[in-house]
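Okay, structure first, notes after.
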Amino acid sequence: MSTSSKLDEETADDAGGMTHREIMTILVGLMMAMFLAALDQTVVGTAIRTIADDLNGFSLQVWATTAFLITSTISTPLYGKLSDMYGRKFFILFAISIFIVGSMLCGLSRSMYELAAFRALQGIGAGGLFSLALAIIGDIVPPRERAKYQGYFLAVFGTSSVLGPVLGGFFAGSPDILGIAGWRWIFYINVPIAAAALIVVTKVLHVPFERRPHRLDWPGALTLIVTLVPLLIVAEEGSIWGWNSARALACYFIGAVGLVAFLFIERAYGEEALLPLRLFKGRTFSVAVSSSFFIGMAMFGGLLLLPLYLQVVRGASPTKAGLQLLPLVLGLMISSVVGGITISKTGRYKIFPITGAVLILGAMLLFSQLGADTSLVRTMIIMVVMGLGLGFSMQPMVTAAQNAASPREIGVATSSVTFFRSMGGTIGAAVFLSILFARLPAKIASAYATAATTPAFQHAAAAHPDQIKLVQAQNAASSGGSLNDTSFLNHLDAAIAHPFKVGFAGSMSLVYYIASGIMVITLLIVLMLPELPLSRTSAQQRRSPGAEAADAAAASDAPAAS
């Protein structure tokens, strides 16, 4: 590297800008915080049965996950708006602090009720860690350079999503560590890492911010809660209650009333609204949030089935299944880095979400062909394709939304993309799992009917009638939306277990076909994305005195049609 290159790296490229070293220092603290927030979305899943047994609350275990989901989703847009109004630093420090307190209390829980309450507190912090980390990068890095930095966040998100089940299984499988129940370390391990992130962000994050008088949109926040809480609850519980049960219908009604009230209030509050409706008049913003919703639906719903496939069909433990998902993370990291560097060099970003949507569509179609005898190598190759598509799809949408937004609305733009992706993921997971378990009994019964005509199965069934009864009992449980333990398959004769695996793999096909249809819709939406020139100045610089012209130019996309 030449002397001039070194100087360029150590000095700001524009007045008021930050050096690469300063940005990377801030980035480390933000990535540590975001890693923990993403990790806690998945780490509890593989450990929840152990936790529930220890706390004598098996029937209440779903609320430990649902409480985190509800508060993290609802708080995301609140952080975005409030940080636009009062600055990012206070709220990112608040989010990290709440996350630390929530994690510590989760580890001290003595009942499932306490754990659910403390997971809700933890989720309040997690909601800010996701959106504010990306918004801060939007503040200090120009859109032209932003993609490569956001690629780091996406890689962290993907890695933590895969490590979550692995770590959850490890801690849950340890009776005690240093005299403390192993599962409690799932939460305690957050404390030192989050504390380090808190220290780093406190010391290095210094983004000038000019406060202006604002009217707080508390009615909008309350009606958003009324809208989302019942919908998130029914998304989690609908398969158990029944989607047309009285409780589900009540949740739909309350959510609909809340949505109507929210829209009226947001319209009345105008520019002061929690989510200004004016933003949706801009084609860039509308495409970014709508495509993120559908990508979240296909991504989270589709990826939720992969660990199930690896565990049920291929017989992997939760920990091993998490490790077998690493090819997906590898693809995601490669496409995030390559996409970010290319966008920074060329200033062109539209081609990446289009390519990503095509790759995800292809991966979903290939996943629909998975069977009980599909090789693990082939499955992992499809995972790489899926990861490449996710890396190309997710990152540019945040960049596009931030680039099109006013520099004073970076937080709202960023949190909106994150919020809609999260909502899509929640709905996708609920719908796809419901479809899977609705089809499972018939598919398994059909697979056993076919296998019953083969000599190998007939011989095994005659030798192990008790195993046939066990399979029938498990199939009955799956028809009620419950398949809590599939380890029994490992103790069956291979000929008796194989039809169950065939039926499970067959049940997944329709789910992936539906996910493919969703990705076709996503591709059509992404094709409408305008490709605006990426600014070479950060939001912080554009907010500085004398930068009003740049601010007005950036905001002009919002009311426009393109």
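Quick note on naming: the chains in the structure tokens go A, B, ... in the order shown, residues restart at 1 in each chain, and ligands are numbered from 1 in order of appearance.
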Out of region 125-351 of chain A, which residues get helix (DSSP H, G or I) from DSSP, as a VMD selection string? chain A and resid 125 to 140 143 to 172 182 to 188 190 to 204 218 to 241 246 to 272 277 to 281 283 to 313 318 to 324 326 to 346 351
Mind dumping a table of every region 185-275 of chain A residue within 12 Å of region 428-443 of chain A, with the nearest atom pair and its distance in Å to one decimal, using only C-alpha atoms, sorted by chain and rising number, as JSON lines?
{"residue": "A:Leu231", "atom": "CA", "partner": "A:Ala430", "partner_atom": "CA", "distance": 10.9}
{"residue": "A:Leu232", "atom": "CA", "partner": "A:Ala430", "partner_atom": "CA", "distance": 9.4}
{"residue": "A:Ile233", "atom": "CA", "partner": "A:Ala430", "partner_atom": "CA", "distance": 10.3}
{"residue": "A:Val234", "atom": "CA", "partner": "A:Ala430", "partner_atom": "CA", "distance": 8.7}
{"residue": "A:Ala235", "atom": "CA", "partner": "A:Ala430", "partner_atom": "CA", "distance": 5.3}
{"residue": "A:Glu236", "atom": "CA", "partner": "A:Ala430", "partner_atom": "CA", "distance": 6.1}
{"residue": "A:Glu237", "atom": "CA", "partner": "A:Ala430", "partner_atom": "CA", "distance": 8.4}
{"residue": "A:Gly238", "atom": "CA", "partner": "A:Ala430", "partner_atom": "CA", "distance": 7.7}
{"residue": "A:Ser239", "atom": "CA", "partner": "A:Ser434", "partner_atom": "CA", "distance": 5.6}
{"residue": "A:Ile240", "atom": "CA", "partner": "A:Ser434", "partner_atom": "CA", "distance": 9.1}
{"residue": "A:Trp241", "atom": "CA", "partner": "A:Ser434", "partner_atom": "CA", "distance": 11.3}
{"residue": "A:Gly242", "atom": "CA", "partner": "A:Ser434", "partner_atom": "CA", "distance": 9.6}
{"residue": "A:Trp243", "atom": "CA", "partner": "A:Ser434", "partner_atom": "CA", "distance": 9.3}
List the spatial neighbours of Ala273 (chain A) as a VMD selection string - criterion: any atom at most 10 Å away, only C-alpha atoms, same-chain residues fewer than 4 positions off excluded. chain A and resid 81 215 to 221 262 to 263 265 to 269 277 to 278
Close residues, Gly340 (chain A) itself excluded, 12 Å, only C-alpha atoms, min 6 positions apart in chain, as an NGL selection string: :A and (143-155 or 332-334 or 346-349 or 352 or 391-399)
So that I have them on file, write out the residues from the current selection with N, CA and C atoms, as a PDB file, in the first residue's frame.
ATOM      1  N   PRO A 143     -23.652   6.298   1.431  1.00  0.00           N
ATOM      2  CA  PRO A 143     -24.306   5.145   0.793  1.00  0.00           C
ATOM      3  C   PRO A 143     -23.403   4.398  -0.179  1.00  0.00           C
ATOM      4  N   ARG A 144     -22.524   5.120  -0.871  1.00  0.00           N
ATOM      5  CA  ARG A 144     -21.640   4.472  -1.848  1.00  0.00           C
ATOM      6  C   ARG A 144     -20.705   3.464  -1.179  1.00  0.00           C
ATOM      7  N   GLU A 145     -20.334   3.740   0.086  1.00  0.00           N
ATOM      8  CA  GLU A 145     -19.422   2.850   0.809  1.00  0.00           C
ATOM      9  C   GLU A 145     -20.154   1.953   1.814  1.00  0.00           C
ATOM     10  N   ARG A 146     -21.433   2.223   2.006  1.00  0.00           N
ATOM     11  CA  ARG A 146     -22.158   1.609   3.113  1.00  0.00           C
ATOM     12  C   ARG A 146     -22.348   0.110   2.939  1.00  0.00           C
ATOM     13  N   ALA A 147     -22.509  -0.334   1.700  1.00  0.00           N
ATOM     14  CA  ALA A 147     -22.848  -1.739   1.457  1.00  0.00           C
ATOM     15  C   ALA A 147     -21.792  -2.689   2.001  1.00  0.00           C
ATOM     16  N   LYS A 148     -20.510  -2.320   1.851  1.00  0.00           N
ATOM     17  CA  LYS A 148     -19.478  -3.249   2.305  1.00  0.00           C
ATOM     18  C   LYS A 148     -19.440  -3.351   3.825  1.00  0.00           C
ATOM     19  N   TYR A 149     -19.774  -2.260   4.523  1.00  0.00           N
ATOM     20  CA  TYR A 149     -19.829  -2.328   5.986  1.00  0.00           C
ATOM     21  C   TYR A 149     -21.063  -3.104   6.448  1.00  0.00           C
ATOM     22  N   GLN A 150     -22.202  -2.890   5.767  1.00  0.00           N
ATOM     23  CA  GLN A 150     -23.408  -3.612   6.136  1.00  0.00           C
ATOM     24  C   GLN A 150     -23.262  -5.101   5.865  1.00  0.00           C
ATOM     25  N   GLY A 151     -22.387  -5.460   4.921  1.00  0.00           N
ATOM     26  CA  GLY A 151     -22.128  -6.869   4.659  1.00  0.00           C
ATOM     27  C   GLY A 151     -21.572  -7.582   5.874  1.00  0.00           C
ATOM     28  N   TYR A 152     -20.776  -6.877   6.663  1.00  0.00           N
ATOM     29  CA  TYR A 152     -20.246  -7.458   7.897  1.00  0.00           C
ATOM     30  C   TYR A 152     -21.389  -7.807   8.853  1.00  0.00           C
ATOM     31  N   PHE A 153     -22.365  -6.902   8.957  1.00  0.00           N
ATOM     32  CA  PHE A 153     -23.501  -7.147   9.844  1.00  0.00           C
ATOM     33  C   PHE A 153     -24.296  -8.371   9.386  1.00  0.00           C
ATOM     34  N   LEU A 154     -24.494  -8.464   8.067  1.00  0.00           N
ATOM     35  CA  LEU A 154     -25.256  -9.582   7.538  1.00  0.00           C
ATOM     36  C   LEU A 154     -24.535 -10.894   7.799  1.00  0.00           C
ATOM     37  N   ALA A 155     -23.209 -10.882   7.669  1.00  0.00           N
ATOM     38  CA  ALA A 155     -22.429 -12.089   7.954  1.00  0.00           C
ATOM     39  C   ALA A 155     -22.555 -12.469   9.429  1.00  0.00           C
ATOM     40  N   LEU A 332     -23.835 -16.936   2.350  1.00  0.00           N
ATOM     41  CA  LEU A 332     -24.286 -15.608   2.761  1.00  0.00           C
ATOM     42  C   LEU A 332     -23.103 -14.662   2.956  1.00  0.00           C
ATOM     43  N   MET A 333     -22.050 -15.144   3.596  1.00  0.00           N
ATOM     44  CA  MET A 333     -20.879 -14.296   3.844  1.00  0.00           C
ATOM     45  C   MET A 333     -20.197 -13.915   2.533  1.00  0.00           C
ATOM     46  N   ILE A 334     -20.063 -14.873   1.615  1.00  0.00           N
ATOM     47  CA  ILE A 334     -19.412 -14.598   0.334  1.00  0.00           C
ATOM     48  C   ILE A 334     -20.185 -13.541  -0.442  1.00  0.00           C
ATOM     49  N   THR A 346     -18.829   0.339  -7.957  1.00  0.00           N
ATOM     50  CA  THR A 346     -19.602   0.699  -9.144  1.00  0.00           C
ATOM     51  C   THR A 346     -20.737   1.674  -8.873  1.00  0.00           C
ATOM     52  N   GLY A 347     -21.233   1.696  -7.646  1.00  0.00           N
ATOM     53  CA  GLY A 347     -22.384   2.527  -7.337  1.00  0.00           C
ATOM     54  C   GLY A 347     -23.690   1.943  -7.841  1.00  0.00           C
ATOM     55  N   ARG A 348     -23.681   0.719  -8.362  1.00  0.00           N
ATOM     56  CA  ARG A 348     -24.885   0.069  -8.883  1.00  0.00           C
ATOM     57  C   ARG A 348     -25.335  -1.019  -7.904  1.00  0.00           C
ATOM     58  N   TYR A 349     -26.605  -1.035  -7.595  1.00  0.00           N
ATOM     59  CA  TYR A 349     -27.070  -1.993  -6.593  1.00  0.00           C
ATOM     60  C   TYR A 349     -28.291  -2.807  -7.023  1.00  0.00           C
ATOM     61  N   PHE A 352     -28.210  -6.713  -7.742  1.00  0.00           N
ATOM     62  CA  PHE A 352     -27.967  -7.676  -6.664  1.00  0.00           C
ATOM     63  C   PHE A 352     -29.257  -8.238  -6.067  1.00  0.00           C
ATOM     64  N   GLY A 391     -27.609 -13.132   0.805  1.00  0.00           N
ATOM     65  CA  GLY A 391     -26.617 -12.065   0.904  1.00  0.00           C
ATOM     66  C   GLY A 391     -26.809 -10.989  -0.135  1.00  0.00           C
ATOM     67  N   PHE A 392     -27.177 -11.387  -1.342  1.00  0.00           N
ATOM     68  CA  PHE A 392     -27.406 -10.417  -2.411  1.00  0.00           C
ATOM     69  C   PHE A 392     -28.720  -9.656  -2.238  1.00  0.00           C
ATOM     70  N   SER A 393     -29.706 -10.261  -1.544  1.00  0.00           N
ATOM     71  CA  SER A 393     -31.045  -9.670  -1.461  1.00  0.00           C
ATOM     72  C   SER A 393     -31.207  -8.699  -0.303  1.00  0.00           C
ATOM     73  N   MET A 394     -30.714  -9.066   0.874  1.00  0.00           N
ATOM     74  CA  MET A 394     -31.036  -8.318   2.078  1.00  0.00           C
ATOM     75  C   MET A 394     -30.281  -7.001   2.192  1.00  0.00           C
ATOM     76  N   GLN A 395     -28.988  -7.049   1.961  1.00  0.00           N
ATOM     77  CA  GLN A 395     -28.152  -5.877   2.183  1.00  0.00           C
ATOM     78  C   GLN A 395     -28.494  -4.696   1.275  1.00  0.00           C
ATOM     79  N   PRO A 396     -28.649  -4.891  -0.050  1.00  0.00           N
ATOM     80  CA  PRO A 396     -28.917  -3.727  -0.910  1.00  0.00           C
ATOM     81  C   PRO A 396     -30.232  -3.030  -0.610  1.00  0.00           C
ATOM     82  N   MET A 397     -31.214  -3.753  -0.063  1.00  0.00           N
ATOM     83  CA  MET A 397     -32.488  -3.119   0.234  1.00  0.00           C
ATOM     84  C   MET A 397     -32.357  -2.089   1.350  1.00  0.00           C
ATOM     85  N   VAL A 398     -31.543  -2.393   2.338  1.00  0.00           N
ATOM     86  CA  VAL A 398     -31.293  -1.417   3.397  1.00  0.00           C
ATOM     87  C   VAL A 398     -30.562  -0.211   2.822  1.00  0.00           C
ATOM     88  N   THR A 399     -29.557  -0.466   1.991  1.00  0.00           N
ATOM     89  CA  THR A 399     -28.804   0.624   1.367  1.00  0.00           C
ATOM     90  C   THR A 399     -29.716   1.502   0.515  1.00  0.00           C
TER      91      THR A 399
END
Write out as a short mmCIF file (atom, residue, chain, number, x, y, z; two decimals) with all heavy atoms, in the first residue's frame each polymer residue whose atoms come within 12 Å of region 167-183 of chain A, counting only C-alpha atoms; drop sequence neighbours fewer than 4 positions from it.
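Final output, saved to result.cif:
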data_model
loop_
_atom_site.label_atom_id
_atom_site.label_comp_id
_atom_site.auth_asym_id
_atom_site.auth_seq_id
_atom_site.Cartn_x
_atom_site.Cartn_y
_atom_site.Cartn_z
N LEU A 39 -28.37 -13.94 17.97
CA LEU A 39 -28.15 -15.24 18.62
C LEU A 39 -29.33 -15.63 19.49
O LEU A 39 -29.78 -16.78 19.49
CB LEU A 39 -26.87 -15.19 19.46
CG LEU A 39 -26.36 -16.51 20.04
CD1 LEU A 39 -25.80 -17.39 18.94
CD2 LEU A 39 -25.29 -16.24 21.09
N ASP A 40 -29.87 -14.65 20.22
CA ASP A 40 -30.94 -14.96 21.16
C ASP A 40 -32.27 -15.25 20.49
O ASP A 40 -33.22 -15.66 21.16
CB ASP A 40 -31.09 -13.81 22.18
CG ASP A 40 -30.22 -14.04 23.40
OD1 ASP A 40 -28.99 -14.09 23.25
OD2 ASP A 40 -30.76 -14.20 24.48
N GLN A 41 -32.37 -15.02 19.18
CA GLN A 41 -33.57 -15.42 18.46
C GLN A 41 -33.63 -16.93 18.27
O GLN A 41 -34.70 -17.50 18.12
CB GLN A 41 -33.63 -14.73 17.09
CG GLN A 41 -34.00 -13.26 17.15
CD GLN A 41 -34.26 -12.70 15.77
OE1 GLN A 41 -33.56 -13.02 14.81
NE2 GLN A 41 -35.26 -11.86 15.65
N THR A 42 -32.47 -17.59 18.25
CA THR A 42 -32.43 -19.02 17.93
C THR A 42 -31.85 -19.89 19.04
O THR A 42 -32.09 -21.09 19.07
CB THR A 42 -31.61 -19.25 16.65
OG1 THR A 42 -30.28 -18.72 16.84
CG2 THR A 42 -32.25 -18.56 15.46
N VAL A 43 -31.07 -19.30 19.94
CA VAL A 43 -30.34 -20.10 20.91
C VAL A 43 -31.26 -20.81 21.90
O VAL A 43 -30.96 -21.91 22.38
CB VAL A 43 -29.31 -19.24 21.67
CG1 VAL A 43 -30.00 -18.27 22.61
CG2 VAL A 43 -28.31 -20.10 22.43
N VAL A 44 -32.41 -20.22 22.19
CA VAL A 44 -33.31 -20.80 23.18
C VAL A 44 -34.08 -21.99 22.60
O VAL A 44 -34.47 -22.89 23.34
CB VAL A 44 -34.29 -19.73 23.72
CG1 VAL A 44 -35.33 -20.34 24.64
CG2 VAL A 44 -33.51 -18.65 24.46
N GLY A 45 -34.28 -22.00 21.28
CA GLY A 45 -35.12 -23.02 20.66
C GLY A 45 -34.71 -24.44 21.00
O GLY A 45 -35.55 -25.27 21.37
N THR A 46 -33.42 -24.77 20.90
CA THR A 46 -32.96 -26.13 21.14
C THR A 46 -32.85 -26.45 22.63
O THR A 46 -32.70 -27.61 23.00
CB THR A 46 -31.58 -26.37 20.48
OG1 THR A 46 -30.69 -25.33 20.87
CG2 THR A 46 -31.71 -26.39 18.97
N ALA A 47 -32.91 -25.42 23.47
CA ALA A 47 -32.76 -25.64 24.91
C ALA A 47 -34.06 -25.51 25.68
O ALA A 47 -34.11 -25.81 26.87
CB ALA A 47 -31.74 -24.64 25.48
N ILE A 48 -35.14 -25.09 25.00
CA ILE A 48 -36.35 -24.71 25.72
C ILE A 48 -36.98 -25.90 26.46
O ILE A 48 -37.54 -25.73 27.56
CB ILE A 48 -37.38 -24.07 24.76
CG1 ILE A 48 -38.53 -23.46 25.53
CG2 ILE A 48 -37.87 -25.07 23.74
CD1 ILE A 48 -38.13 -22.35 26.48
N ARG A 49 -36.88 -27.11 25.92
CA ARG A 49 -37.46 -28.25 26.61
C ARG A 49 -36.71 -28.54 27.91
O ARG A 49 -37.31 -28.85 28.94
CB ARG A 49 -37.47 -29.48 25.71
CG ARG A 49 -38.39 -29.35 24.51
CD ARG A 49 -38.54 -30.66 23.78
NE ARG A 49 -39.23 -31.63 24.59
CZ ARG A 49 -39.17 -32.95 24.38
NH1 ARG A 49 -38.41 -33.41 23.42
NH2 ARG A 49 -39.84 -33.77 25.16
N THR A 50 -35.39 -28.42 27.88
CA THR A 50 -34.60 -28.61 29.09
C THR A 50 -34.93 -27.53 30.12
O THR A 50 -35.09 -27.82 31.32
CB THR A 50 -33.10 -28.55 28.76
OG1 THR A 50 -32.79 -29.58 27.81
CG2 THR A 50 -32.25 -28.74 30.01
N ILE A 51 -35.06 -26.29 29.64
CA ILE A 51 -35.40 -25.18 30.53
C ILE A 51 -36.78 -25.40 31.15
O ILE A 51 -36.98 -25.22 32.36
CB ILE A 51 -35.36 -23.84 29.76
CG1 ILE A 51 -33.94 -23.56 29.25
CG2 ILE A 51 -35.87 -22.70 30.62
CD1 ILE A 51 -33.86 -22.36 28.32
N ALA A 52 -37.75 -25.77 30.30
CA ALA A 52 -39.11 -25.96 30.77
C ALA A 52 -39.20 -27.09 31.80
O ALA A 52 -39.92 -26.98 32.81
CB ALA A 52 -40.04 -26.26 29.59
N ASP A 53 -38.46 -28.16 31.57
CA ASP A 53 -38.46 -29.26 32.54
C ASP A 53 -37.87 -28.81 33.87
O ASP A 53 -38.38 -29.16 34.94
CB ASP A 53 -37.66 -30.45 31.98
CG ASP A 53 -38.38 -31.16 30.85
OD1 ASP A 53 -39.61 -30.97 30.73
OD2 ASP A 53 -37.71 -31.87 30.08
N ASP A 54 -36.81 -28.04 33.82
CA ASP A 54 -36.15 -27.59 35.04
C ASP A 54 -37.02 -26.62 35.83
O ASP A 54 -36.97 -26.58 37.06
CB ASP A 54 -34.81 -26.94 34.68
CG ASP A 54 -33.92 -26.75 35.90
OD1 ASP A 54 -33.91 -27.63 36.78
OD2 ASP A 54 -33.22 -25.71 35.97
N LEU A 55 -37.81 -25.82 35.10
CA LEU A 55 -38.65 -24.81 35.75
C LEU A 55 -40.09 -25.28 35.93
O LEU A 55 -40.96 -24.47 36.31
CB LEU A 55 -38.63 -23.50 34.94
CG LEU A 55 -37.26 -22.80 34.81
CD1 LEU A 55 -37.38 -21.55 33.97
CD2 LEU A 55 -36.70 -22.47 36.19
N CYS A 106 -32.94 -13.35 33.07
CA CYS A 106 -33.34 -14.63 32.47
C CYS A 106 -32.56 -15.78 33.11
O CYS A 106 -33.11 -16.85 33.40
CB CYS A 106 -33.11 -14.62 30.96
SG CYS A 106 -34.32 -13.69 30.01
N GLY A 107 -31.27 -15.56 33.32
CA GLY A 107 -30.44 -16.59 33.95
C GLY A 107 -30.82 -16.87 35.38
O GLY A 107 -30.56 -17.96 35.89
N LEU A 108 -31.46 -15.90 36.05
CA LEU A 108 -31.86 -16.06 37.45
C LEU A 108 -33.30 -16.55 37.59
O LEU A 108 -33.78 -16.72 38.72
CB LEU A 108 -31.71 -14.73 38.18
CG LEU A 108 -30.29 -14.17 38.30
CD1 LEU A 108 -30.32 -12.74 38.86
CD2 LEU A 108 -29.44 -15.07 39.19
N SER A 109 -33.99 -16.78 36.48
CA SER A 109 -35.41 -17.14 36.52
C SER A 109 -35.66 -18.39 37.36
O SER A 109 -34.92 -19.36 37.29
CB SER A 109 -35.94 -17.36 35.10
OG SER A 109 -35.83 -16.19 34.32
N ARG A 110 -36.76 -18.35 38.11
CA ARG A 110 -37.14 -19.49 38.95
C ARG A 110 -38.43 -20.15 38.47
O ARG A 110 -38.85 -21.16 39.03
CB ARG A 110 -37.31 -19.02 40.39
CG ARG A 110 -36.02 -18.53 41.04
CD ARG A 110 -36.31 -17.81 42.34
NE ARG A 110 -37.12 -16.62 42.10
CZ ARG A 110 -37.58 -15.82 43.07
NH1 ARG A 110 -37.32 -16.10 44.33
NH2 ARG A 110 -38.31 -14.76 42.77
N THR A 159 -24.18 -15.95 10.79
CA THR A 159 -23.37 -16.82 11.64
C THR A 159 -24.05 -17.07 12.97
O THR A 159 -24.11 -18.22 13.46
CB THR A 159 -21.98 -16.19 11.89
OG1 THR A 159 -21.35 -15.96 10.63
CG2 THR A 159 -21.11 -17.11 12.73
N SER A 160 -24.60 -16.03 13.58
CA SER A 160 -25.25 -16.19 14.88
C SER A 160 -26.51 -17.02 14.77
O SER A 160 -26.85 -17.77 15.70
CB SER A 160 -25.57 -14.82 15.48
OG SER A 160 -26.44 -14.09 14.63
N SER A 161 -27.21 -16.93 13.64
CA SER A 161 -28.43 -17.71 13.45
C SER A 161 -28.13 -19.20 13.42
O SER A 161 -28.94 -20.02 13.86
CB SER A 161 -29.13 -17.30 12.15
OG SER A 161 -29.53 -15.95 12.21
N VAL A 162 -26.96 -19.56 12.89
CA VAL A 162 -26.57 -20.97 12.83
C VAL A 162 -25.94 -21.42 14.15
O VAL A 162 -26.18 -22.53 14.63
CB VAL A 162 -25.59 -21.22 11.66
CG1 VAL A 162 -25.02 -22.63 11.72
CG2 VAL A 162 -26.29 -20.99 10.34
N LEU A 163 -25.15 -20.55 14.76
CA LEU A 163 -24.51 -20.90 16.02
C LEU A 163 -25.52 -21.03 17.16
O LEU A 163 -25.27 -21.75 18.13
CB LEU A 163 -23.46 -19.84 16.40
CG LEU A 163 -22.13 -19.90 15.64
CD1 LEU A 163 -21.23 -18.77 16.11
CD2 LEU A 163 -21.45 -21.25 15.86
N PHE A 187 -27.93 -17.38 28.83
CA PHE A 187 -28.20 -15.97 29.10
C PHE A 187 -27.00 -15.27 29.76
O PHE A 187 -26.71 -14.11 29.44
CB PHE A 187 -29.44 -15.85 29.97
CG PHE A 187 -30.64 -16.55 29.41
CD1 PHE A 187 -31.09 -17.75 29.96
CD2 PHE A 187 -31.30 -16.04 28.31
CE1 PHE A 187 -32.19 -18.41 29.43
CE2 PHE A 187 -32.41 -16.69 27.77
CZ PHE A 187 -32.85 -17.88 28.33
N TYR A 188 -26.32 -15.96 30.66
CA TYR A 188 -25.20 -15.33 31.34
C TYR A 188 -24.06 -14.97 30.38
O TYR A 188 -23.37 -13.98 30.59
CB TYR A 188 -24.66 -16.25 32.44
CG TYR A 188 -25.56 -16.39 33.64
CD1 TYR A 188 -25.59 -17.58 34.38
CD2 TYR A 188 -26.37 -15.34 34.06
CE1 TYR A 188 -26.41 -17.72 35.48
CE2 TYR A 188 -27.20 -15.48 35.16
CZ TYR A 188 -27.21 -16.66 35.87
OH TYR A 188 -28.03 -16.79 36.96
N ILE A 189 -23.88 -15.78 29.34
CA ILE A 189 -22.76 -15.53 28.41
C ILE A 189 -22.95 -14.22 27.68
O ILE A 189 -21.99 -13.61 27.19
CB ILE A 189 -22.64 -16.71 27.40
CG1 ILE A 189 -21.26 -16.72 26.75
CG2 ILE A 189 -23.73 -16.64 26.34
CD1 ILE A 189 -20.14 -17.07 27.69
N SER A 317 -28.45 -34.60 15.42
CA SER A 317 -28.82 -33.94 16.68
C SER A 317 -28.99 -32.45 16.41
O SER A 317 -28.53 -31.94 15.38
CB SER A 317 -27.71 -34.15 17.71
OG SER A 317 -26.52 -33.49 17.30
N PRO A 318 -29.66 -31.70 17.31
CA PRO A 318 -29.79 -30.26 17.11
C PRO A 318 -28.44 -29.57 16.91
O PRO A 318 -28.30 -28.68 16.06
CB PRO A 318 -30.48 -29.78 18.39
CG PRO A 318 -31.26 -30.96 18.84
CD PRO A 318 -30.41 -32.16 18.49
N THR A 319 -27.44 -29.99 17.69
CA THR A 319 -26.11 -29.39 17.55
C THR A 319 -25.50 -29.71 16.19
O THR A 319 -24.97 -28.83 15.50
CB THR A 319 -25.19 -29.90 18.67
OG1 THR A 319 -25.77 -29.58 19.93
CG2 THR A 319 -23.82 -29.24 18.56
N LYS A 320 -25.58 -30.96 15.78
CA LYS A 320 -25.03 -31.36 14.50
C LYS A 320 -25.78 -30.71 13.34
O LYS A 320 -25.17 -30.30 12.34
CB LYS A 320 -25.08 -32.88 14.36
CG LYS A 320 -24.35 -33.42 13.14
CD LYS A 320 -24.36 -34.94 13.13
CE LYS A 320 -23.63 -35.49 11.91
NZ LYS A 320 -23.66 -36.99 11.90
N ALA A 321 -27.09 -30.59 13.47
CA ALA A 321 -27.89 -29.94 12.43
C ALA A 321 -27.47 -28.48 12.26
O ALA A 321 -27.41 -27.96 11.14
CB ALA A 321 -29.37 -30.03 12.77
N GLY A 322 -27.18 -27.82 13.39
CA GLY A 322 -26.70 -26.44 13.31
C GLY A 322 -25.39 -26.34 12.55
O GLY A 322 -25.21 -25.44 11.71
N LEU A 323 -24.49 -27.26 12.80
CA LEU A 323 -23.20 -27.28 12.09
C LEU A 323 -23.39 -27.58 10.62
O LEU A 323 -22.66 -27.06 9.76
CB LEU A 323 -22.26 -28.30 12.73
CG LEU A 323 -21.79 -27.97 14.16
CD1 LEU A 323 -21.01 -29.14 14.74
CD2 LEU A 323 -20.93 -26.70 14.16
#
Which residues come within 10 Å of region 101-105 of chain A, counting only C-alpha atoms, excluding same-chain residues fewer than 5 positions away, as a PDB file with C-alpha atoms, in the first residue's frame?
ATOM      1  CA  ASP A  40     -30.941 -14.960  21.162  1.00  0.00           C
ATOM      2  CA  ILE A  96     -27.567  -2.679  25.163  1.00  0.00           C
ATOM      3  CA  ARG A 110     -37.140 -19.493  38.948  1.00  0.00           C
ATOM      4  CA  GLU A 114     -40.442 -15.147  35.239  1.00  0.00           C
ATOM      5  CA  LEU A 115     -38.484 -16.350  32.217  1.00  0.00           C
ATOM      6  CA  ALA A 117     -41.305 -11.735  31.511  1.00  0.00           C
ATOM      7  CA  PHE A 118     -37.525 -11.351  31.447  1.00  0.00           C
ATOM      8  CA  ARG A 119     -37.359 -12.566  27.820  1.00  0.00           C
ATOM      9  CA  ALA A 120     -39.827  -9.777  27.016  1.00  0.00           C
ATOM     10  CA  LEU A 121     -37.461  -7.294  28.683  1.00  0.00           C
ATOM     11  CA  GLN A 122     -34.538  -8.772  26.761  1.00  0.00           C
ATOM     12  CA  GLY A 123     -36.519  -8.384  23.520  1.00  0.00           C
ATOM     13  CA  ILE A 124     -36.970  -4.657  24.151  1.00  0.00           C
ATOM     14  CA  GLY A 125     -33.201  -4.321  24.018  1.00  0.00           C
ATOM     15  CA  ALA A 126     -32.801  -6.655  21.033  1.00  0.00           C
ATOM     16  CA  ARG A 184     -28.597 -20.606  32.458  1.00  0.00           C
ATOM     17  CA  TRP A 185     -25.292 -19.894  30.698  1.00  0.00           C
ATOM     18  CA  ILE A 186     -27.291 -19.301  27.510  1.00  0.00           C
ATOM     19  CA  PHE A 187     -28.198 -15.973  29.098  1.00  0.00           C
ATOM     20  CA  TYR A 188     -25.199 -15.326  31.345  1.00  0.00           C
ATOM     21  CA  ILE A 189     -22.765 -15.534  28.412  1.00  0.00           C
ATOM     22  CA  ASN A 190     -24.456 -12.443  26.955  1.00  0.00           C
ATOM     23  CA  VAL A 191     -23.497 -10.257  29.891  1.00  0.00           C
ATOM     24  CA  ALA A 194     -22.749  -6.967  25.803  1.00  0.00           C
TER      25      ALA A 194
END
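Note that CA of Pro192 (chain A) and CA of Leu36 (chain A) are 10.9 Å apart.
Contact shell of Thr284 (chain A) at 7 Å (only C-alpha atoms; same-chain neighbours under 3 positions omitted): A:Val287, A:Ala288, A:Ala400, A:Ala401, A:Ala404, A:Leu529, A:Pro530, A:Ser562.
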